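K.L.:
Handing you a structure now.
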Amino acid sequence: MSYVDVFVGNYIVIDFELYDLWLNGLPAHECAVTLQQRGVLQSTGARFDELLSDTKDSFRLYASLEQLLKCPTKFGNQSVYQIDPETQKTLIDKYYKSDDVVIRELLGRKLSTRNRNNLDDVSEKTKVPLRSCCRQFDNVKRVFKTVEEMPGSLEKNIKTLFCLSSDKLAKKYAAIVFMTNHRFETTKKRLSHLTFDDFMYCAELMITNWSYSAAECDNHEDMDVDLDRSFLQDLRELKILTDKQHLDEHKMYVMNSLKTSLIKKKHSSLEDNYKATSKTIISLAYGLNHSKEVRNFFSDVIEEVIEPFMNTGWTYEDMKTFLQMYKDAGVRLSVFRTLPSLGIVWERYMNTFINCCLKLYHT
Amino acid sequence: MPGTLKVKVVSARGLPVMDRSTDLTDAFVEIKLGPEGQKTDVCKKSLNPQWNSEWFKFEVEDEVLQDEPLELRVLDHDTYSAHDAIGKVYIDLNPLLVKESPSIISGWFPLYDTMHGIRGDLNVIVKIDLFSDFNKFRQSSCGIQFFCTPEVPAGYRLQYVHGFVEELVVNDDPEYQWIDKIRTPRSSNEARQRLFSKMSGQLARKIGLKVLEMGGGAVIGYQQCFDLEGESGIVIRGIGTAVTLVRLRDAQASPLGMSPLKDYQRSMVPALHISTPIVMTTNINPMHARRSLHLTHPHSLTPPPHSDHNQHSDHATPTCHHSHYHHPRSRSRSTSGSDSGPCSPIRLSSSLGHAPSPLTAPPYHSHSQQGCALSHFAFDFPYSSPLQEENHVPSPPPSKKERSTTSPMKVAGPTNRRSSDSDTSTTSKGILICADEVCWIIGNSVGESSGSGNGSVSKNCPRMCSQQVNIELMEFPLFTMTTFPPGFITHLGGVVAARSVKLLDKIHNPEEPETRDAWWNEIRTELRSHTRAMGCHAVIGYSEQTSICDEIILLSATGTAAKVNLNLDQNQSARQAPSLPTGAGDKNTFLIDRDQNKKLFVDVNLANQVSQKLGHGGSTDDVSPRVNCGLCHIPYKPASSPFPINLTQCSSCKKRFVPDVLFTTINPPAEIRTIGRGAFIQARVCRPKGDGKADANAKEISDILPFLEYELHNQLINKLKVRSMNGLFKLQMQFVVGEKMLVAVATATGAFLAPLPSPPVPRLLGQIPSEEENVALQELQLKIREQLQQYKDLYQLNTIDFANQTCQSSVHTDDSDDDTSDLDFSTGNKDTFVLEVDDTRDSSVKAMLSDIPQPAGMQVCNTSTMPGIPASCLVANMQMFTQVFRRQLDSSQQGLPKDFSEIFDSVYRRLYFKLRRMIPCLLCGLSFSVGAPEEDEIEIAVTGMCVAIEDNNSHNSSLTETPMTGASSKSLLKPASSSVVGASGENIDDMMFTMEEVMEGSAASANKGFKLRKENVKMKTSQVFSHQVINSIEITPMTYVPGSRIERYIGSYNFFFIRETSSLKEVGGVCGFMQKFITEVLAIVRAHVSSLGGNALVAYNMTQCVLLNNEHKNQSQCLINVCGDAVSATKDGEVIALVPEVPQPHYRKHSDSPSSYVT
């Protein structure tokens, strides 16, 4: 009926209630209905017509702001919109906010156009509107593409390039980028019980401890999207622990120190399985040299380390004690006395590994 | 004043990708001024190219500077094919040509492309070196300041009003030239933009010439209109009021009263050497004669001598030296008068050559005047301030003076004994004299002549005389201002309007657009005759409008007939009782007529003439000393009244007569006391018409017009009465010719004027054919009563004792007045306002009752301030808005009126809904522009300002003054901050940065997001604006910025934008297109304001918004013209945020925003 109906102000004023609805991907009409149900009209005495007009108007504005939101640094360089910094910050933060459930689904997928077109199932599974899923997908892809090849701290890069005000959000994206870069397998059935939070926790640890930005790494020039190559080289040396003499020595230490803290049954079961478990842990370490095994890191951990213990009824506490002992006992090994540098590598690997394992140990 | 324009292209940012293969752009810039063009190097493969070019120089005549905009065009270099256009920047150079304005334009300008909108920004620095030229035959008028502001600009005092100036410029519309068939839409649009810009430059220059001729130094209330006549071309019209302004200085201003730095930045003086020595010498004497004259007069005329001197020296900024030589009268006078200096023959002959004949100047100008001046001088000198004496010091202070010694002024100094005092301004300023001074003299010279004729040189007398003479000489002047200094208006007559329907024809000779001139002259003459009929001698709040539909053009002129007092000495006018002896009479408020001199006078006074006690009842609340009921008194003798009219005794003074309603086109004058709050009132009429051709069409339109006017007027009266009000301010009427309909819309702000009688209760009267009808009528009456009460509550009019009025008889009112005793005013028992109703569904009654109520806490008006809301309650600007609404109409006979009002209702509802979160607020400066773009379409464009108001219910001044005084005590610190914010140049950038950090820091801790902030007024004002303070640019249709003080005016901005798209769907349909376009227009306006060193654009007006839409072809084109005055304003709060008091807002913010909100 009315075909020109626009309202333009000198300042950009954002109705964030509306903005949230827009981010959720609701079409204008549905959005207006939602607002009506929330009682917006009661308090103002306006009619649905005005609400709809306002909604459409705002949505047009958001759509044109989206160009900037896709590259938030442009906000500083534009003069088209007069936005106060506070509003700008909120706009960006909200735009880049993501739903963990959706991100969980996106993890491990290739960020290809084909996958983008198949987001329907994600939307169905997560009950998040498709448009919102697409936005999150695009955000992830954009962030990934932007920082993928960039030297320096991942988190910092993301934070500055996307003008994010919260560290949490930047960390989240850093984790996603890291995971995506290594194409960690997360979609397997046995991993389905893990949440995004679990992965994010692990990824964060890996970034801080295993990548180029780790304190132990002396070559900081490279990107922390990748794992520290010299560390990976060193991890190969750990293979020595699978030699029989070291394995036995290690086992002795571990079993001795666990005698008091474990109940007999568990202790004996560990005694039986020790060799296999220890070998797995160490092979995971030197496996990190091969990208294919890196990709399967999580499923390997679950399959070969966590599940056997779960099946024998180990609690989280048991697991924690064991892994701690396992690490501490390792240090006391004679090999490390002769190769002190290996001790550092062992610590660096085990600390992160233990934390990841425990995080993934859902009882 | 030819000059050298220097342009430096620094860099660009955010360019679009022009080369798909590399995703980059090879950009370079073409710089054009007039026909001359230069270009930068190509900056390869960058979206943020840095050129850092050398200074491109253009040596041009001032005519070119005034007419042509500087055009910068960014292109993508292409080795093999034509370079691709990226975008353009047009920079109006006029602000550089005016004194007191920045000498540099520098900043980021959005790169605008008519097909793609804004694509990146360009960083440019533009400087100008002007030097004087004494060519008498020049066509330029540099130095004349233009103000869109329809009042005396803040910080100035009105010295003289010279009268109405108008001009029109005609050209072919490039859109309709044959070449348009073969060129791209882009080049066609650009050709148009360039032409429009050039034409408006020409127009301003021509008007400037007229102003110079009149002796003025500035134009205020400048209105420029584009008539897009289609095939027959484009007409740009400009009207304004020529005035002489004097800058006011704070007490703490620098002793010499001149703005330092600013003026010296301009390297003007050295350039002077270029001009030929002969010309210089010829100038010596006239300069001095005049200079001394002008310096003496202020002493004689205005009591405080120093201030005047300060003002003068302040004004003597070097801009338009030549302006002196323009005015034949002044020249001849000075040459003849200055017998003391050596007049070279060349000089004499040249002056004679230019002035048609020396006789044009009244003979007594010469010697007698000089004599006067001398005597004044002698008389005044003792009064002059020590400053003045300091300037006598013979050895000139260093640098500046040194320069000026080379000037002819200094050379001439010794020959003239008054040179010493004349140097108050010139020594440090160089030799150029501003136009203001010129007109001072000329304005004065008239007074002088009559003064000397009287033989009296007493202090005020000549001035008075000069004014008396002036107003008569002006012959019913038209003033485009809408707000006047106190004392200016003595009587308000009422609204006068004239309209005319014409058939457009091809303009054969664009140089001499006689027909268009003749049309307007005709209309203005008619308007003047109405003014005379009302016993008035001036028209104020004057405006002109056109509506074009095919070959029909409807011209209208509107104003308020008034008696004015041109004696503008404000001290004096305050003392003076401004009632002229003309005394009582009768009056009519609304005078309507249409084309071809068929006048239709509508008697408005349908109502009573009951006087009321109200004067006493309401007077308890603040009565400012300036209040003066004289303005409402009828301006002429009853005997000469051409209309039957009802008059009442003035409720305030009980001596003279007042009409029962008063309509005006001006803002509420401070002198008129109003009671309660103002109300936004709008009347609208839409009538179908046939689709005849040419003559038949014109005839039909002119036949319908009177009925439209009548109905419009009736609606206004009804709506006014139902609100218990008796006065309308800022009445704006718009008549639109559509293909199949005629539309008339009148917008105004109603108020209750204390001197006028209180309006009667509307009562319905009608032939009642049946009982049923009778019941309906009763119900309607009841409804009206209810509505009446509601409105009374809303507008706080309950204080008026309406009951009292009825028992008072009106008969005895007149006896006090002697010359009116023969008239009978007792026109019967009209103590009710009777509405004749034919049937109960009568639309007029319905219209009266059916206005969309504004939400609680939101006030609406179209004036710049709301009657009843003191200015101190207006805290800050919240949002300037533009709403464009277009809708199809049911063009059937029955559906039309209903649909039509529905459209307006929708507009209001949307507006109210959109701005709901700003409550409590005042929507002011609301301006409606209605169009009928297609057969059955109506388009409404509304602009306005949403101002936050302090929510104190009692709106008693005592309450609101507390914060204000607090602020003003801090205002001592203001200069510091204003220099930082207001200064132009690089150093602000640094400063801004640091300040921003401070602000952001504090704001960040406070702001908890949109909703919270909107809900809390206190927070709202302290926060929303705290972070907008620093680098935001305010755009407002008002002449002021609430909570801020305008420091200086930097130049007026006027630009015509064209935007076109051939991919309408892709840009989000016509709505998306319009929204984007308006946003971009505002962005460009802001960029220009900030590049001039300003932070606000006042008197913003979107004078044109034409949308041509072709959805089938996926195309749209839109034209928008905007104008306004760029100013630099200092926020009251700014100081608080910067200097030691910083903690204060911090505390408040912290308390407002515990961190719990966040988490």
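We label chains A, B, ... in the order they appear in the structure tokens, count residues from 1 in each chain, and number ligands from 1 in the order shown.
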Considering only C-alpha atoms, tabulate each residue of chain A that lies at most 9 Å from chain B along with its nearest interatomic pair and the corresponding distance in Å to one decimal; arrange the rows by chain and ascending residue number and present them as JSON lines.
P.N.:
```
{"residue": "A:Met1", "atom": "CA", "partner": "B:Arg887", "partner_atom": "CA", "distance": 6.4}
{"residue": "A:Ser2", "atom": "CA", "partner": "B:Arg887", "partner_atom": "CA", "distance": 4.2}
{"residue": "A:Tyr3", "atom": "CA", "partner": "B:Arg887", "partner_atom": "CA", "distance": 6.0}
{"residue": "A:Val4", "atom": "CA", "partner": "B:Arg886", "partner_atom": "CA", "distance": 4.8}
{"residue": "A:Asp5", "atom": "CA", "partner": "B:Phe885", "partner_atom": "CA", "distance": 4.5}
{"residue": "A:Val6", "atom": "CA", "partner": "B:Val884", "partner_atom": "CA", "distance": 5.4}
{"residue": "A:Phe7", "atom": "CA", "partner": "B:Gln883", "partner_atom": "CA", "distance": 4.3}
{"residue": "A:Val8", "atom": "CA", "partner": "B:Thr882", "partner_atom": "CA", "distance": 5.1}
{"residue": "A:Gly9", "atom": "CA", "partner": "B:Phe881", "partner_atom": "CA", "distance": 4.2}
{"residue": "A:Asn10", "atom": "CA", "partner": "B:Met880", "partner_atom": "CA", "distance": 5.3}
{"residue": "A:Tyr11", "atom": "CA", "partner": "B:Gln879", "partner_atom": "CA", "distance": 6.2}
{"residue": "A:Ile12", "atom": "CA", "partner": "B:Gln879", "partner_atom": "CA", "distance": 8.9}
{"residue": "A:Val13", "atom": "CA", "partner": "B:Phe1010", "partner_atom": "CA", "distance": 8.4}
{"residue": "A:Ile14", "atom": "CA", "partner": "B:Phe1010", "partner_atom": "CA", "distance": 7.3}
{"residue": "A:Asp15", "atom": "CA", "partner": "B:Phe1010", "partner_atom": "CA", "distance": 7.0}
{"residue": "A:Phe16", "atom": "CA", "partner": "B:Phe1010", "partner_atom": "CA", "distance": 6.8}
{"residue": "A:Glu17", "atom": "CA", "partner": "B:Lys1011", "partner_atom": "CA", "distance": 8.6}
{"residue": "A:Thr44", "atom": "CA", "partner": "B:Phe913", "partner_atom": "CA", "distance": 7.2}
{"residue": "A:Gly45", "atom": "CA", "partner": "B:Pro855", "partner_atom": "CA", "distance": 8.1}
{"residue": "A:Ala46", "atom": "CA", "partner": "B:Phe913", "partner_atom": "CA", "distance": 6.5}
{"residue": "A:Arg47", "atom": "CA", "partner": "B:Arg909", "partner_atom": "CA", "distance": 8.1}
{"residue": "A:Asp49", "atom": "CA", "partner": "B:Arg910", "partner_atom": "CA", "distance": 8.5}
{"residue": "A:Glu50", "atom": "CA", "partner": "B:Arg910", "partner_atom": "CA", "distance": 5.2}
{"residue": "A:Leu51", "atom": "CA", "partner": "B:Phe913", "partner_atom": "CA", "distance": 7.6}
{"residue": "A:Ser53", "atom": "CA", "partner": "B:Arg910", "partner_atom": "CA", "distance": 7.6}
{"residue": "A:Asp54", "atom": "CA", "partner": "B:Lys914", "partner_atom": "CA", "distance": 6.6}
{"residue": "A:Asp57", "atom": "CA", "partner": "B:Cys1071", "partner_atom": "CA", "distance": 8.3}
{"residue": "A:Arg60", "atom": "CA", "partner": "B:Gly1072", "partner_atom": "CA", "distance": 6.3}
{"residue": "A:Leu61", "atom": "CA", "partner": "B:Gln1075", "partner_atom": "CA", "distance": 8.0}
{"residue": "A:Ser64", "atom": "CA", "partner": "B:Lys1076", "partner_atom": "CA", "distance": 8.1}
{"residue": "A:Lys74", "atom": "CA", "partner": "B:Gly14", "partner_atom": "CA", "distance": 7.8}
{"residue": "A:Asn77", "atom": "CA", "partner": "B:Gly14", "partner_atom": "CA", "distance": 7.2}
{"residue": "A:Gln78", "atom": "CA", "partner": "B:Gly120", "partner_atom": "CA", "distance": 7.5}
{"residue": "A:Ser79", "atom": "CA", "partner": "B:Ala1083", "partner_atom": "CA", "distance": 6.0}
{"residue": "A:Val80", "atom": "CA", "partner": "B:Ala1083", "partner_atom": "CA", "distance": 4.9}
{"residue": "A:Tyr81", "atom": "CA", "partner": "B:Ala1083", "partner_atom": "CA", "distance": 6.8}
{"residue": "A:Gln82", "atom": "CA", "partner": "B:Ser1032", "partner_atom": "CA", "distance": 7.1}
{"residue": "A:Ile83", "atom": "CA", "partner": "B:Gln1028", "partner_atom": "CA", "distance": 8.5}
{"residue": "A:Asp84", "atom": "CA", "partner": "B:Gln1028", "partner_atom": "CA", "distance": 6.1}
{"residue": "A:Pro85", "atom": "CA", "partner": "B:His1027", "partner_atom": "CA", "distance": 7.4}
{"residue": "A:Glu86", "atom": "CA", "partner": "B:Ala1004", "partner_atom": "CA", "distance": 7.0}
{"residue": "A:Thr87", "atom": "CA", "partner": "B:Gly1009", "partner_atom": "CA", "distance": 7.2}
{"residue": "A:Thr90", "atom": "CA", "partner": "B:Gly1009", "partner_atom": "CA", "distance": 7.4}
```
K.L.:
Would you save the residues of that selection, restricted to C-alpha atoms, as a PDB file, in the first residue's frame?
P.N.:
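So the final result, stored in part.pdb, reads:
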```
ATOM      1  CA  MET A   1       0.000   0.000   0.000  1.00  0.00           C
ATOM      2  CA  SER A   2       2.529   2.555   1.072  1.00  0.00           C
ATOM      3  CA  TYR A   3       5.565   1.982  -0.952  1.00  0.00           C
ATOM      4  CA  VAL A   4       7.895   4.635   0.269  1.00  0.00           C
ATOM      5  CA  ASP A   5       8.147   4.692   4.002  1.00  0.00           C
ATOM      6  CA  VAL A   6      11.503   5.557   5.431  1.00  0.00           C
ATOM      7  CA  PHE A   7      12.788   7.268   8.517  1.00  0.00           C
ATOM      8  CA  VAL A   8      16.336   8.523   8.689  1.00  0.00           C
ATOM      9  CA  GLY A   9      18.021  10.164  11.638  1.00  0.00           C
ATOM     10  CA  ASN A  10      21.217  12.068  12.013  1.00  0.00           C
ATOM     11  CA  TYR A  11      22.377   9.619  14.639  1.00  0.00           C
ATOM     12  CA  ILE A  12      22.122   5.907  14.309  1.00  0.00           C
ATOM     13  CA  VAL A  13      19.918   4.744  17.125  1.00  0.00           C
ATOM     14  CA  ILE A  14      19.650   1.010  17.513  1.00  0.00           C
ATOM     15  CA  ASP A  15      16.781  -0.728  19.163  1.00  0.00           C
ATOM     16  CA  PHE A  16      18.677  -3.710  20.446  1.00  0.00           C
ATOM     17  CA  GLU A  17      15.602  -5.734  21.088  1.00  0.00           C
ATOM     18  CA  THR A  44       2.701   2.959  23.228  1.00  0.00           C
ATOM     19  CA  GLY A  45      -0.770   2.848  21.814  1.00  0.00           C
ATOM     20  CA  ALA A  46       0.512   2.410  18.297  1.00  0.00           C
ATOM     21  CA  ARG A  47      -0.887   0.092  15.714  1.00  0.00           C
ATOM     22  CA  ASP A  49       1.179  -0.961  10.972  1.00  0.00           C
ATOM     23  CA  GLU A  50       3.629   1.389  12.645  1.00  0.00           C
ATOM     24  CA  LEU A  51       5.408  -1.452  14.338  1.00  0.00           C
ATOM     25  CA  SER A  53       7.022  -0.052   9.362  1.00  0.00           C
ATOM     26  CA  ASP A  54       9.502   0.579  12.136  1.00  0.00           C
ATOM     27  CA  ASP A  57      12.960   0.397   8.489  1.00  0.00           C
ATOM     28  CA  ARG A  60      16.973  -2.081   6.197  1.00  0.00           C
ATOM     29  CA  LEU A  61      19.349  -0.129   8.333  1.00  0.00           C
ATOM     30  CA  SER A  64      23.234  -1.818   5.287  1.00  0.00           C
ATOM     31  CA  LYS A  74      35.682  -0.084   8.662  1.00  0.00           C
ATOM     32  CA  ASN A  77      36.948   4.788   8.606  1.00  0.00           C
ATOM     33  CA  GLN A  78      33.445   5.546   7.581  1.00  0.00           C
ATOM     34  CA  SER A  79      31.465   8.709   7.764  1.00  0.00           C
ATOM     35  CA  VAL A  80      28.169   7.484   6.427  1.00  0.00           C
ATOM     36  CA  TYR A  81      26.745   6.504   9.760  1.00  0.00           C
ATOM     37  CA  GLN A  82      27.075   8.606  12.852  1.00  0.00           C
ATOM     38  CA  ILE A  83      27.235   6.020  15.599  1.00  0.00           C
ATOM     39  CA  ASP A  84      28.443   6.551  19.094  1.00  0.00           C
ATOM     40  CA  PRO A  85      31.218   4.193  20.192  1.00  0.00           C
ATOM     41  CA  GLU A  86      29.091   2.450  22.770  1.00  0.00           C
ATOM     42  CA  THR A  87      26.408   1.503  20.292  1.00  0.00           C
ATOM     43  CA  THR A  90      27.377  -3.476  21.171  1.00  0.00           C
TER      44      THR A  90
END
```
K.L.:
For A:Phe336, please output as a JSON list (two decimals) with C-alpha atoms, in the first residue's frame all residues within 12 Å (counting only C-alpha atoms; exclusion window: fewer than 4 positions along the same chain).
P.N.:
```json
[["chain", "number", "residue", "atom", "x", "y", "z"],
["A", 237, "GLU", "CA", 62.02, -38.53, 21.39],
["A", 238, "LEU", "CA", 59.40, -39.65, 23.84],
["A", 240, "ILE", "CA", 62.03, -43.99, 24.00],
["A", 241, "LEU", "CA", 59.60, -44.42, 26.88],
["A", 246, "HIS", "CA", 61.69, -47.55, 30.65],
["A", 250, "HIS", "CA", 57.74, -46.07, 34.79],
["A", 328, "ASP", "CA", 55.26, -37.17, 38.00],
["A", 329, "ALA", "CA", 56.67, -40.64, 37.84],
["A", 330, "GLY", "CA", 57.89, -39.98, 34.35],
["A", 331, "VAL", "CA", 60.05, -37.19, 35.58],
["A", 332, "ARG", "CA", 61.77, -39.47, 37.97],
["A", 340, "PRO", "CA", 67.06, -33.11, 30.72],
["A", 341, "SER", "CA", 65.62, -31.39, 27.68],
["A", 342, "LEU", "CA", 63.29, -34.29, 27.26],
["A", 343, "GLY", "CA", 61.91, -33.60, 30.69],
["A", 344, "ILE", "CA", 60.76, -30.21, 29.58],
["A", 345, "VAL", "CA", 59.08, -31.71, 26.57],
["A", 346, "TRP", "CA", 57.42, -34.30, 28.77],
["A", 347, "GLU", "CA", 56.06, -31.68, 31.10]]
```
K.L.:
Counting only C-alpha atoms, what is within 10 Å of A:Val301, bar same-chain residues fewer than 2 positions away, as a VMD selection string?
P.N.:
chain A and resid 280 to 281 284 296 to 299 303 to 307 353 356 to 357 360 to 361
K.L.:
By how many Å are atom CA of A:Asn24 and atom CA of A:Val128 apart?
P.N.:
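These atoms are spaced 7.7 Å apart.
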K.L.:
Using only C-alpha atoms, which residues sit within 8 Å of B:Phe752 once same-chain residues fewer than 6 positions away are excluded, as a PyMOL selection string?
P.N.:
chain B and resi 674-678+724-727+758
K.L.:
Kindly export the residues of the current selection with N, CA, C and O atoms, as an mmCIF file, in the first residue's frame.
P.N.:
```cif
data_model
loop_
_atom_site.group_PDB
_atom_site.id
_atom_site.type_symbol
_atom_site.label_atom_id
_atom_site.label_comp_id
_atom_site.auth_asym_id
_atom_site.auth_seq_id
_atom_site.Cartn_x
_atom_site.Cartn_y
_atom_site.Cartn_z
ATOM 1 N N THR B 674 2.427 34.341 26.332
ATOM 2 C CA THR B 674 1.502 33.246 26.057
ATOM 3 C C THR B 674 1.233 32.517 27.355
ATOM 4 O O THR B 674 2.030 32.551 28.287
ATOM 5 N N ILE B 675 0.103 31.852 27.363
ATOM 6 C CA ILE B 675 -0.260 31.094 28.553
ATOM 7 C C ILE B 675 -0.377 29.637 28.150
ATOM 8 O O ILE B 675 -0.856 29.321 27.057
ATOM 9 N N GLY B 676 0.062 28.779 29.030
ATOM 10 C CA GLY B 676 -0.010 27.364 28.740
ATOM 11 C C GLY B 676 1.014 26.978 27.693
ATOM 12 O O GLY B 676 1.961 27.711 27.434
ATOM 13 N N ARG B 677 0.785 25.827 27.126
ATOM 14 C CA ARG B 677 1.741 25.326 26.160
ATOM 15 C C ARG B 677 1.216 25.498 24.752
ATOM 16 O O ARG B 677 0.031 25.659 24.534
ATOM 17 N N GLY B 678 2.109 25.406 23.828
ATOM 18 C CA GLY B 678 1.730 25.493 22.432
ATOM 19 C C GLY B 678 1.216 24.165 21.912
ATOM 20 O O GLY B 678 1.429 23.129 22.528
ATOM 21 N N SER B 724 -8.834 25.790 22.650
ATOM 22 C CA SER B 724 -8.954 27.009 23.466
ATOM 23 C C SER B 724 -7.796 27.962 23.239
ATOM 24 O O SER B 724 -7.245 28.514 24.179
ATOM 25 N N MET B 725 -7.413 28.107 22.011
ATOM 26 C CA MET B 725 -6.283 28.994 21.749
ATOM 27 C C MET B 725 -6.714 30.113 20.802
ATOM 28 O O MET B 725 -7.756 30.036 20.166
ATOM 29 N N ASN B 726 -5.879 31.115 20.724
ATOM 30 C CA ASN B 726 -6.270 32.257 19.908
ATOM 31 C C ASN B 726 -5.150 32.816 19.029
ATOM 32 O O ASN B 726 -5.284 33.886 18.461
ATOM 33 N N GLY B 727 -4.055 32.108 18.945
ATOM 34 C CA GLY B 727 -2.988 32.615 18.082
ATOM 35 C C GLY B 727 -2.266 31.490 17.377
ATOM 36 O O GLY B 727 -2.145 30.385 17.907
ATOM 37 N N SER B 758 -10.053 35.214 25.371
ATOM 38 C CA SER B 758 -10.039 33.763 25.355
ATOM 39 C C SER B 758 -11.133 33.272 24.416
ATOM 40 O O SER B 758 -12.206 33.853 24.354
#
```
K.L.:
From the options A:Arg135, A:Lys320, A:Lys94, A:Arg190, which residue's atoms come nearest to A:Leu258, counting only C-alpha atoms?
P.N.:
A:Lys320
K.L.:
Could you tell me which of B:Leu158, B:Asn1114, B:Arg192, B:Glu522 comes closest to B:Gly487 if we count only C-alpha atoms?
P.N.:
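Checking each of B:Leu158, B:Asn1114, B:Arg192, B:Glu522 against B:Gly487, counting only C-alpha atoms, the winner is B:Leu158.
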